[in-house]
file input18.cif (mmCIF, C-alpha atoms)
data_start
#
loop_
_atom_site.label_atom_id
_atom_site.label_comp_id
_atom_site.auth_asym_id
_atom_site.auth_seq_id
_atom_site.Cartn_x
_atom_site.Cartn_y
_atom_site.Cartn_z
CA GLN A 273 -22.18 47.06 6.97
CA SER A 274 -18.43 47.04 6.32
CA ALA A 275 -16.92 45.39 3.28
CA LEU A 276 -15.23 42.04 3.72
CA THR A 277 -11.43 42.18 3.77
CA GLN A 278 -9.45 40.65 0.92
CA PRO A 279 -5.76 41.02 0.07
CA PRO A 280 -5.37 43.46 -2.83
CA SER A 281 -3.21 41.08 -4.82
CA ALA A 282 -2.11 37.48 -5.16
CA SER A 283 0.08 35.72 -7.68
CA GLY A 284 1.37 32.35 -8.76
CA SER A 285 3.08 30.63 -11.66
CA PRO A 286 1.25 28.42 -14.14
CA GLY A 287 0.48 25.04 -12.59
CA GLN A 288 0.84 26.30 -9.03
CA SER A 289 -1.91 26.83 -6.47
CA VAL A 290 -2.91 30.12 -4.90
CA THR A 291 -5.30 30.86 -2.04
CA ILE A 292 -7.23 34.10 -1.57
CA SER A 293 -8.67 34.97 1.83
CA CYS A 294 -11.85 36.84 2.70
CA THR A 295 -12.26 38.00 6.29
CA GLY A 296 -15.49 39.18 7.79
CA THR A 297 -17.19 38.98 11.17
CA SER A 298 -19.51 36.70 13.07
CA SER A 299 -22.37 38.75 11.56
CA ASP A 300 -21.58 37.73 8.01
CA VAL A 301 -18.91 35.18 6.96
CA GLY A 302 -18.73 33.54 10.38
CA GLY A 303 -22.45 33.51 10.97
CA TYR A 304 -23.69 31.84 7.80
CA ASN A 305 -22.51 29.24 5.29
CA PHE A 306 -23.57 31.57 2.48
CA VAL A 307 -20.22 32.73 1.10
CA SER A 308 -19.88 33.03 -2.65
CA TRP A 309 -16.97 33.87 -4.95
CA TYR A 310 -16.89 35.69 -8.27
CA GLN A 311 -14.32 36.02 -11.04
CA GLN A 312 -14.21 39.25 -13.01
CA HIS A 313 -12.12 39.86 -16.09
CA PRO A 314 -11.46 43.50 -17.08
CA GLY A 315 -14.51 45.19 -18.50
CA LYS A 316 -16.72 42.16 -17.93
CA ALA A 317 -19.46 41.25 -15.50
CA PRO A 318 -18.60 39.03 -12.53
CA LYS A 319 -18.90 35.28 -12.99
CA PHE A 320 -20.34 32.98 -10.31
CA MET A 321 -17.60 30.56 -9.21
CA ILE A 322 -18.44 29.23 -5.74
CA TYR A 323 -21.60 29.23 -3.61
CA GLU A 324 -22.45 28.14 -0.07
CA VAL A 325 -18.75 28.29 0.85
CA SER A 326 -17.52 25.32 -1.19
CA LYS A 327 -20.00 24.33 -3.91
CA ARG A 328 -19.27 24.83 -7.59
CA PRO A 329 -21.94 25.81 -10.10
CA SER A 330 -22.18 23.68 -13.20
CA GLY A 331 -19.35 24.43 -15.62
CA VAL A 332 -16.84 25.76 -13.09
CA PRO A 333 -13.64 23.67 -13.14
CA GLU A 334 -12.75 21.52 -10.13
CA ARG A 335 -9.54 23.55 -9.89
CA PHE A 336 -11.58 26.16 -8.04
CA SER A 337 -12.43 25.29 -4.44
CA GLY A 338 -13.73 27.12 -1.41
CA SER A 339 -13.55 26.69 2.34
CA LYS A 340 -14.23 28.56 5.56
CA SER A 341 -12.82 28.68 9.06
CA GLY A 342 -14.41 30.98 11.59
CA ASN A 343 -14.80 34.45 10.12
CA THR A 344 -12.47 33.80 7.18
CA ALA A 345 -13.38 32.19 3.89
CA SER A 346 -10.87 31.14 1.26
CA LEU A 347 -10.79 30.48 -2.45
CA THR A 348 -8.09 28.17 -3.78
CA VAL A 349 -7.21 28.01 -7.46
CA SER A 350 -5.13 24.95 -8.30
CA GLY A 351 -3.20 24.28 -11.50
CA LEU A 352 -3.10 27.98 -12.36
CA GLN A 353 -3.76 28.85 -15.98
CA ALA A 354 -3.24 32.10 -17.83
CA ASP A 355 -6.99 32.71 -18.10
CA ASP A 356 -7.32 32.58 -14.31
CA GLU A 357 -5.73 36.03 -14.21
CA ALA A 358 -8.62 38.23 -13.07
CA ASP A 359 -10.12 40.00 -10.09
CA TYR A 360 -11.81 37.79 -7.51
CA TYR A 361 -14.51 38.92 -5.11
CA CYS A 362 -16.09 37.19 -2.16
CA GLY A 363 -19.63 37.88 -1.06
CA SER A 364 -21.58 36.87 2.02
CA TYR A 365 -25.07 37.02 3.41
CA ALA A 366 -24.97 39.44 6.34
CA GLY A 367 -28.32 38.78 7.98
CA SER A 368 -31.55 40.78 7.90
CA ASN A 369 -31.74 40.45 4.12
CA ASN A 370 -28.43 42.23 3.59
CA TRP A 371 -25.43 41.19 1.53
CA VAL A 372 -21.81 42.34 1.60
CA PHE A 373 -18.88 41.95 -0.77
CA GLY A 374 -15.13 42.01 -0.38
CA GLY A 375 -12.88 44.67 -1.86
CA GLY A 376 -11.48 42.27 -4.43
CA THR A 377 -8.16 40.55 -5.08
CA LYS A 378 -6.21 40.90 -8.31
CA LEU A 379 -4.78 37.50 -9.23
CA THR A 380 -1.71 37.61 -11.45
CA VAL A 381 -0.41 34.53 -13.23
CA LEU A 382 3.33 35.03 -13.50
CA GLN B 141 -30.42 30.52 -21.84
CA VAL B 142 -30.64 33.01 -19.01
CA GLN B 143 -29.91 36.58 -20.05
CA LEU B 144 -30.07 39.88 -18.25
CA VAL B 145 -29.84 42.84 -20.61
CA GLN B 146 -29.44 46.30 -19.12
CA SER B 147 -30.11 49.74 -20.50
CA GLY B 148 -27.36 51.91 -21.93
CA ALA B 149 -24.90 54.30 -20.35
CA GLU B 150 -26.17 57.49 -18.72
CA VAL B 151 -24.61 60.87 -18.01
CA LYS B 152 -26.29 62.89 -15.29
CA LYS B 153 -25.68 66.16 -13.50
CA PRO B 154 -25.26 66.32 -9.73
CA GLY B 155 -28.60 66.28 -7.96
CA ALA B 156 -30.35 64.47 -10.79
CA SER B 157 -31.87 60.99 -10.77
CA VAL B 158 -31.17 57.96 -12.94
CA LYS B 159 -33.26 54.90 -13.71
CA VAL B 160 -31.58 51.75 -15.01
CA SER B 161 -33.50 48.81 -16.46
CA CYS B 162 -32.69 45.10 -16.54
CA LYS B 163 -34.67 42.85 -18.88
CA ALA B 164 -34.66 39.16 -18.01
CA SER B 165 -35.15 36.28 -20.41
CA GLY B 166 -34.64 32.53 -20.45
CA TYR B 167 -36.34 31.86 -17.12
CA THR B 168 -39.49 32.70 -15.17
CA PHE B 169 -38.87 36.26 -14.00
CA THR B 170 -41.04 36.04 -10.89
CA VAL B 171 -39.32 32.97 -9.43
CA TYR B 172 -35.96 34.58 -8.61
CA ARG B 173 -35.20 37.74 -6.66
CA MET B 174 -32.95 40.30 -8.34
CA HIS B 175 -29.96 42.02 -6.79
CA TRP B 176 -28.46 45.35 -7.80
CA VAL B 177 -24.73 45.81 -7.28
CA ARG B 178 -22.47 48.70 -8.22
CA GLN B 179 -18.77 49.07 -8.90
CA GLY B 180 -17.04 52.42 -8.78
CA PRO B 181 -14.03 53.15 -11.01
CA GLY B 182 -11.24 50.80 -9.96
CA GLN B 183 -13.29 49.79 -6.93
CA GLY B 184 -14.84 46.62 -5.56
CA LEU B 185 -18.41 45.43 -5.68
CA GLU B 186 -21.01 47.11 -3.48
CA TRP B 187 -24.47 45.68 -2.77
CA VAL B 188 -27.25 48.17 -3.39
CA GLY B 189 -30.41 46.18 -2.80
CA ARG B 190 -32.71 43.35 -3.88
CA ILE B 191 -36.27 43.00 -5.14
CA ASN B 192 -38.66 40.07 -5.16
CA PRO B 193 -40.27 40.36 -8.62
CA ASN B 194 -43.21 38.23 -7.51
CA THR B 195 -44.29 40.42 -4.60
CA GLY B 196 -42.42 43.66 -5.18
CA ASP B 197 -40.85 43.38 -1.72
CA THR B 198 -37.50 45.14 -1.48
CA ASP B 199 -34.41 45.19 0.73
CA TYR B 200 -31.93 48.04 0.57
CA ALA B 201 -28.40 48.53 1.86
CA GLN B 202 -28.54 51.03 4.70
CA LYS B 203 -26.20 53.32 2.80
CA PHE B 204 -28.75 53.80 0.02
CA GLN B 205 -31.95 53.90 2.10
CA GLY B 206 -34.07 56.84 1.03
CA ARG B 207 -32.20 57.36 -2.25
CA VAL B 208 -32.77 54.12 -4.13
CA THR B 209 -35.99 52.54 -5.32
CA LEU B 210 -36.22 49.10 -6.90
CA THR B 211 -39.29 48.27 -8.95
CA ARG B 212 -40.34 45.75 -11.55
CA ASP B 213 -42.77 45.25 -14.42
CA THR B 214 -43.67 41.58 -14.56
CA SER B 215 -45.50 42.00 -17.90
CA ILE B 216 -42.16 42.63 -19.61
CA SER B 217 -39.87 40.74 -17.19
CA THR B 218 -37.94 43.88 -16.37
CA ALA B 219 -36.45 45.16 -13.13
CA TYR B 220 -35.57 48.79 -12.50
CA MET B 221 -33.26 50.68 -10.19
CA GLU B 222 -33.77 54.39 -9.61
CA LEU B 223 -31.19 56.40 -7.69
CA THR B 224 -31.87 60.00 -6.72
CA GLY B 225 -29.74 62.88 -5.44
CA LEU B 226 -26.77 61.84 -7.55
CA THR B 227 -23.26 62.96 -6.62
CA SER B 228 -19.91 62.25 -8.20
CA ASP B 229 -19.54 59.38 -5.72
CA ASP B 230 -22.37 57.61 -7.53
CA THR B 231 -20.33 57.37 -10.72
CA ALA B 232 -20.11 53.62 -11.21
CA VAL B 233 -21.14 50.62 -13.26
CA TYR B 234 -24.44 49.28 -12.00
CA PHE B 235 -25.20 45.58 -12.40
CA CYS B 236 -28.36 43.59 -11.96
CA ALA B 237 -27.79 39.98 -10.90
CA ARG B 238 -30.16 37.08 -10.39
CA ASP B 239 -30.39 35.82 -6.80
CA ASN B 240 -29.87 32.06 -6.58
CA LEU B 241 -28.11 29.62 -4.28
CA TRP B 242 -27.47 32.41 -1.76
CA GLY B 243 -25.41 34.22 -4.35
CA SER B 244 -25.82 35.80 -7.78
CA ASP B 245 -25.63 33.28 -10.60
CA TYR B 246 -26.31 35.44 -13.67
CA TRP B 247 -25.31 39.08 -14.16
CA GLY B 248 -26.28 41.79 -16.58
CA GLN B 249 -23.61 43.42 -18.71
CA GLY B 250 -23.56 46.51 -16.49
CA THR B 251 -24.67 50.11 -17.02
CA LEU B 252 -22.20 52.95 -16.62
CA VAL B 253 -23.67 55.93 -14.82
CA THR B 254 -21.49 59.03 -14.92
CA VAL B 255 -22.30 61.98 -12.70
CA SER B 256 -20.63 65.16 -13.86
CA SER B 257 -21.41 68.84 -14.00
#

call {"tool": "encode", "arguments": {"input": "input18.cif", "output": "structure tokens"}}
result
Amino acid sequence: QSALTQPPSASGSPGQSVTISCTGTSSDVGGYNFVSWYQQHPGKAPKFMIYEVSKRPSGVPERFSGSKSGNTASLTVSGLQADDEADYYCGSYAGSNNWVFGGGTKLTVL
Amino acid sequence: QVQLVQSGAEVKKPGASVKVSCKASGYTFTVYRMHWVRQGPGQGLEWVGRINPNTGDTDYAQKFQGRVTLTRDTSISTAYMELTGLTSDDTAVYFCARDNLWGSDYWGQGTLVTVSS
């Protein structure tokens, strides 16, 4: 199972919006609506931000949104804030009780 | 509140085995499956496997088949990951994470496993 493809970096100024992509195949991202997103600050454990492509767990700001088209999922962070600077990872169910993650995207708030 | 507390850092020699524990609290341990995920130095997340604490059923990433064993002790709400035949490529932080909503909603703090001669 190959890792999902994410851009290594993304950036935006405070208040702007930024979108991070996550590309897989029809066997994972494209085949199931079970894409999740995680935020990870340096030295910390990942934090659950989005599940089932576009749903937000309790406590996650509405500024974080998810979507999917074909084999590519996306995470959009609106109204960028300094604390949004972190690594972001996508994950997807890949069938046959397997899961796969993306390589991660480092988001910089300029 | 849900908490997953993992065992401390380990240093192992090549060829050795390591066993990492993950103690759950704040919820009924047997209701949620548990994932194990690792992260190499400066690397992304990599799925290792998952256990159903109720039945003991396991699923493993193909890459780790034959080298990893996930177990649990329901009497103390603790999940375990044992990895054998360690090489330097296994140097990583290993996380346990609760399976929920087709993702992982709570994560342990991570356990650093260093493999070095």

call {"tool": "closest_atom_pairs", "arguments": {"input": "input18.cif", "of": "chain B", "to": "chain A", "cutoff": "10 Å", "atoms": "only C-alpha atoms", "output": "tab-separated table"}}
result
residue	atom	partner	partner_atom	distance
B:His175	CA	A:Trp371	CA	9.5
B:Val177	CA	A:Phe373	CA	9.6
B:Gln183	CA	A:Gly375	CA	7.2
B:Gly184	CA	A:Gly375	CA	4.6
B:Leu185	CA	A:Phe373	CA	6.0
B:Glu186	CA	A:Phe373	CA	6.2
B:Trp187	CA	A:Val372	CA	6.1
B:Val188	CA	A:Trp371	CA	8.7
B:Gly189	CA	A:Asn370	CA	7.8
B:Arg190	CA	A:Asn369	CA	8.6
B:Thr198	CA	A:Asn369	CA	9.3
B:Asp199	CA	A:Asn369	CA	6.4
B:Tyr200	CA	A:Asn370	CA	7.4
B:Ala201	CA	A:Asn370	CA	6.5
B:Gln202	CA	A:Gln273	CA	7.8
B:Lys203	CA	A:Gln273	CA	8.5
B:Val233	CA	A:Ala317	CA	9.8
B:Phe235	CA	A:Ala317	CA	7.8
B:Cys236	CA	A:Ala317	CA	9.9
B:Ala237	CA	A:Pro318	CA	9.4
B:Asn240	CA	A:Tyr323	CA	9.2
B:Leu241	CA	A:Tyr323	CA	6.6
B:Trp242	CA	A:Phe306	CA	5.8
B:Gly243	CA	A:Ser308	CA	5.9
B:Ser244	CA	A:Phe320	CA	6.7
B:Asp245	CA	A:Phe320	CA	5.3
B:Tyr246	CA	A:Phe320	CA	7.3
B:Trp247	CA	A:Ala317	CA	6.4
B:Gly248	CA	A:Ala317	CA	6.9
B:Gln249	CA	A:Ala317	CA	5.7
B:Gly250	CA	A:Ala317	CA	6.7

call {"tool": "atom_distance", "arguments": {"input": "input18.cif", "atom1": "atom CA of B:Asn192", "atom2": "atom CA of A:Cys294"}}
result
28.1 Å

call {"tool": "atom_distance", "arguments": {"input": "input18.cif", "atom1": "atom CA of B:Met174", "atom2": "atom CA of A:Asn343"}}
result
26.5 Å

call {"tool": "atom_distance", "arguments": {"input": "input18.cif", "atom1": "atom CA of A:Gly284", "atom2": "atom CA of A:Ala358"}}
result
12.4 Å

call {"tool": "closest_residue", "arguments": {"input": "input18.cif", "among": "B:Val255, B:Pro181, B:Ala164, B:Leu144", "to": "A:Pro314", "atoms": "all atoms listed in the file"}}
result
B:Pro181

call {"tool": "resolve_selection", "arguments": {"input": "input18.cif", "expression": "the PyMOL selection byres ((chain B and resi 148) around 12)", "output": "PDB file with C-alpha atoms, keeping the file's coordinate frame"}}
result
ATOM      1  CA  VAL B 145     -29.840  42.840 -20.610  1.00  0.00           C
ATOM      2  CA  GLN B 146     -29.440  46.300 -19.120  1.00  0.00           C
ATOM      3  CA  SER B 147     -30.110  49.740 -20.500  1.00  0.00           C
ATOM      4  CA  ALA B 149     -24.900  54.300 -20.350  1.00  0.00           C
ATOM      5  CA  GLU B 150     -26.170  57.490 -18.720  1.00  0.00           C
ATOM      6  CA  VAL B 151     -24.610  60.870 -18.010  1.00  0.00           C
ATOM      7  CA  VAL B 158     -31.170  57.960 -12.940  1.00  0.00           C
ATOM      8  CA  LYS B 159     -33.260  54.900 -13.710  1.00  0.00           C
ATOM      9  CA  VAL B 160     -31.580  51.750 -15.010  1.00  0.00           C
ATOM     10  CA  SER B 161     -33.500  48.810 -16.460  1.00  0.00           C
ATOM     11  CA  CYS B 162     -32.690  45.100 -16.540  1.00  0.00           C
ATOM     12  CA  VAL B 233     -21.140  50.620 -13.260  1.00  0.00           C
ATOM     13  CA  TYR B 234     -24.440  49.280 -12.000  1.00  0.00           C
ATOM     14  CA  PHE B 235     -25.200  45.580 -12.400  1.00  0.00           C
ATOM     15  CA  GLY B 248     -26.280  41.790 -16.580  1.00  0.00           C
ATOM     16  CA  GLN B 249     -23.610  43.420 -18.710  1.00  0.00           C
ATOM     17  CA  GLY B 250     -23.560  46.510 -16.490  1.00  0.00           C
ATOM     18  CA  THR B 251     -24.670  50.110 -17.020  1.00  0.00           C
ATOM     19  CA  LEU B 252     -22.200  52.950 -16.620  1.00  0.00           C
ATOM     20  CA  VAL B 253     -23.670  55.930 -14.820  1.00  0.00           C
ATOM     21  CA  THR B 254     -21.490  59.030 -14.920  1.00  0.00           C
TER      22      THR B 254
END

call {"tool": "resolve_selection", "arguments": {"input": "input18.cif", "expression": "the PyMOL selection byres ((chain B and resi 207) around 7)", "output": "PDB file with C-alpha atoms, keeping the file's coordinate frame"}}
result
ATOM      1  CA  PHE B 204     -28.750  53.800   0.020  1.00  0.00           C
ATOM      2  CA  GLN B 205     -31.950  53.900   2.100  1.00  0.00           C
ATOM      3  CA  GLY B 206     -34.070  56.840   1.030  1.00  0.00           C
ATOM      4  CA  VAL B 208     -32.770  54.120  -4.130  1.00  0.00           C
ATOM      5  CA  THR B 209     -35.990  52.540  -5.320  1.00  0.00           C
ATOM      6  CA  LEU B 223     -31.190  56.400  -7.690  1.00  0.00           C
ATOM      7  CA  THR B 224     -31.870  60.000  -6.720  1.00  0.00           C
ATOM      8  CA  GLY B 225     -29.740  62.880  -5.440  1.00  0.00           C
TER       9      GLY B 225
END

call {"tool": "closest_residue", "arguments": {"input": "input18.cif", "among": "A:Gln312, A:Thr344, A:Thr277, A:Ser298", "to": "A:Ala366", "atoms": "all atoms listed in the file"}}
result
A:Ser298

call {"tool": "resolve_selection", "arguments": {"input": "input18.cif", "expression": "the PyMOL selection byres ((chain A and resi 287-290) around 12)", "output": "JSON, numbers by chain"}}
result
{"A": [281, 282, 283, 284, 285, 286, 291, 292, 293, 335, 336, 337, 338, 346, 347, 348, 349, 350, 351, 352, 353, 354, 356, 357, 377, 378, 379, 380, 381, 382]}

call {"tool": "residues_around", "arguments": {"input": "input18.cif", "residues": "B:Asp213", "least_positions_apart": "5", "cutoff": "12 Å", "atoms": "all atoms listed in the file", "output": "number ranges by chain"}}
result
B: 161-164, 169-170, 191-196, 218-221

call {"tool": "build_atoms", "arguments": {"input": "input18.cif", "residues": "stretch 277-296 of chain A", "atoms": "N, CA and C atoms", "output": "compact mmCIF listing (two decimals), in the frame of the given file"}}
result
# COMPACT_ATOMS: atom_id res chain seq x y z
N THR A 277 -12.83 41.84 4.03
CA THR A 277 -11.43 42.18 3.77
C THR A 277 -10.73 41.11 2.94
N GLN A 278 -10.22 41.53 1.79
CA GLN A 278 -9.45 40.65 0.92
C GLN A 278 -8.08 41.28 0.68
N PRO A 279 -7.06 40.45 0.45
CA PRO A 279 -5.76 41.02 0.07
C PRO A 279 -5.89 41.66 -1.30
N PRO A 280 -5.23 42.79 -1.54
CA PRO A 280 -5.37 43.46 -2.83
C PRO A 280 -4.82 42.66 -3.99
N SER A 281 -3.83 41.82 -3.73
CA SER A 281 -3.21 41.08 -4.82
C SER A 281 -2.77 39.71 -4.37
N ALA A 282 -2.65 38.82 -5.35
CA ALA A 282 -2.11 37.48 -5.16
C ALA A 282 -1.49 37.07 -6.49
N SER A 283 -0.55 36.15 -6.43
CA SER A 283 0.08 35.72 -7.68
C SER A 283 0.61 34.30 -7.55
N GLY A 284 0.82 33.69 -8.70
CA GLY A 284 1.37 32.35 -8.76
C GLY A 284 1.78 32.04 -10.19
N SER A 285 2.63 31.06 -10.34
CA SER A 285 3.08 30.63 -11.66
C SER A 285 2.12 29.60 -12.23
N PRO A 286 2.12 29.45 -13.53
CA PRO A 286 1.25 28.42 -14.14
C PRO A 286 1.48 27.05 -13.51
N GLY A 287 0.40 26.36 -13.19
CA GLY A 287 0.48 25.04 -12.59
C GLY A 287 0.49 25.06 -11.07
N GLN A 288 0.82 26.20 -10.49
CA GLN A 288 0.84 26.30 -9.03
C GLN A 288 -0.55 26.52 -8.48
N SER A 289 -0.65 26.54 -7.15
CA SER A 289 -1.91 26.83 -6.47
C SER A 289 -1.78 28.17 -5.74
N VAL A 290 -2.89 28.87 -5.65
CA VAL A 290 -2.91 30.12 -4.90
C VAL A 290 -4.21 30.17 -4.10
N THR A 291 -4.13 30.74 -2.90
CA THR A 291 -5.30 30.86 -2.04
C THR A 291 -5.56 32.33 -1.71
N ILE A 292 -6.81 32.73 -1.85
CA ILE A 292 -7.23 34.10 -1.57
C ILE A 292 -8.15 34.09 -0.35
N SER A 293 -7.87 34.93 0.61
CA SER A 293 -8.67 34.97 1.83
C SER A 293 -9.74 36.06 1.78
N CYS A 294 -10.73 35.91 2.62
CA CYS A 294 -11.85 36.84 2.70
C CYS A 294 -12.29 36.87 4.16
N THR A 295 -11.99 37.94 4.85
CA THR A 295 -12.26 38.00 6.29
C THR A 295 -13.42 38.93 6.60
N GLY A 296 -14.35 38.40 7.38
CA GLY A 296 -15.49 39.18 7.79
C GLY A 296 -15.65 39.14 9.29
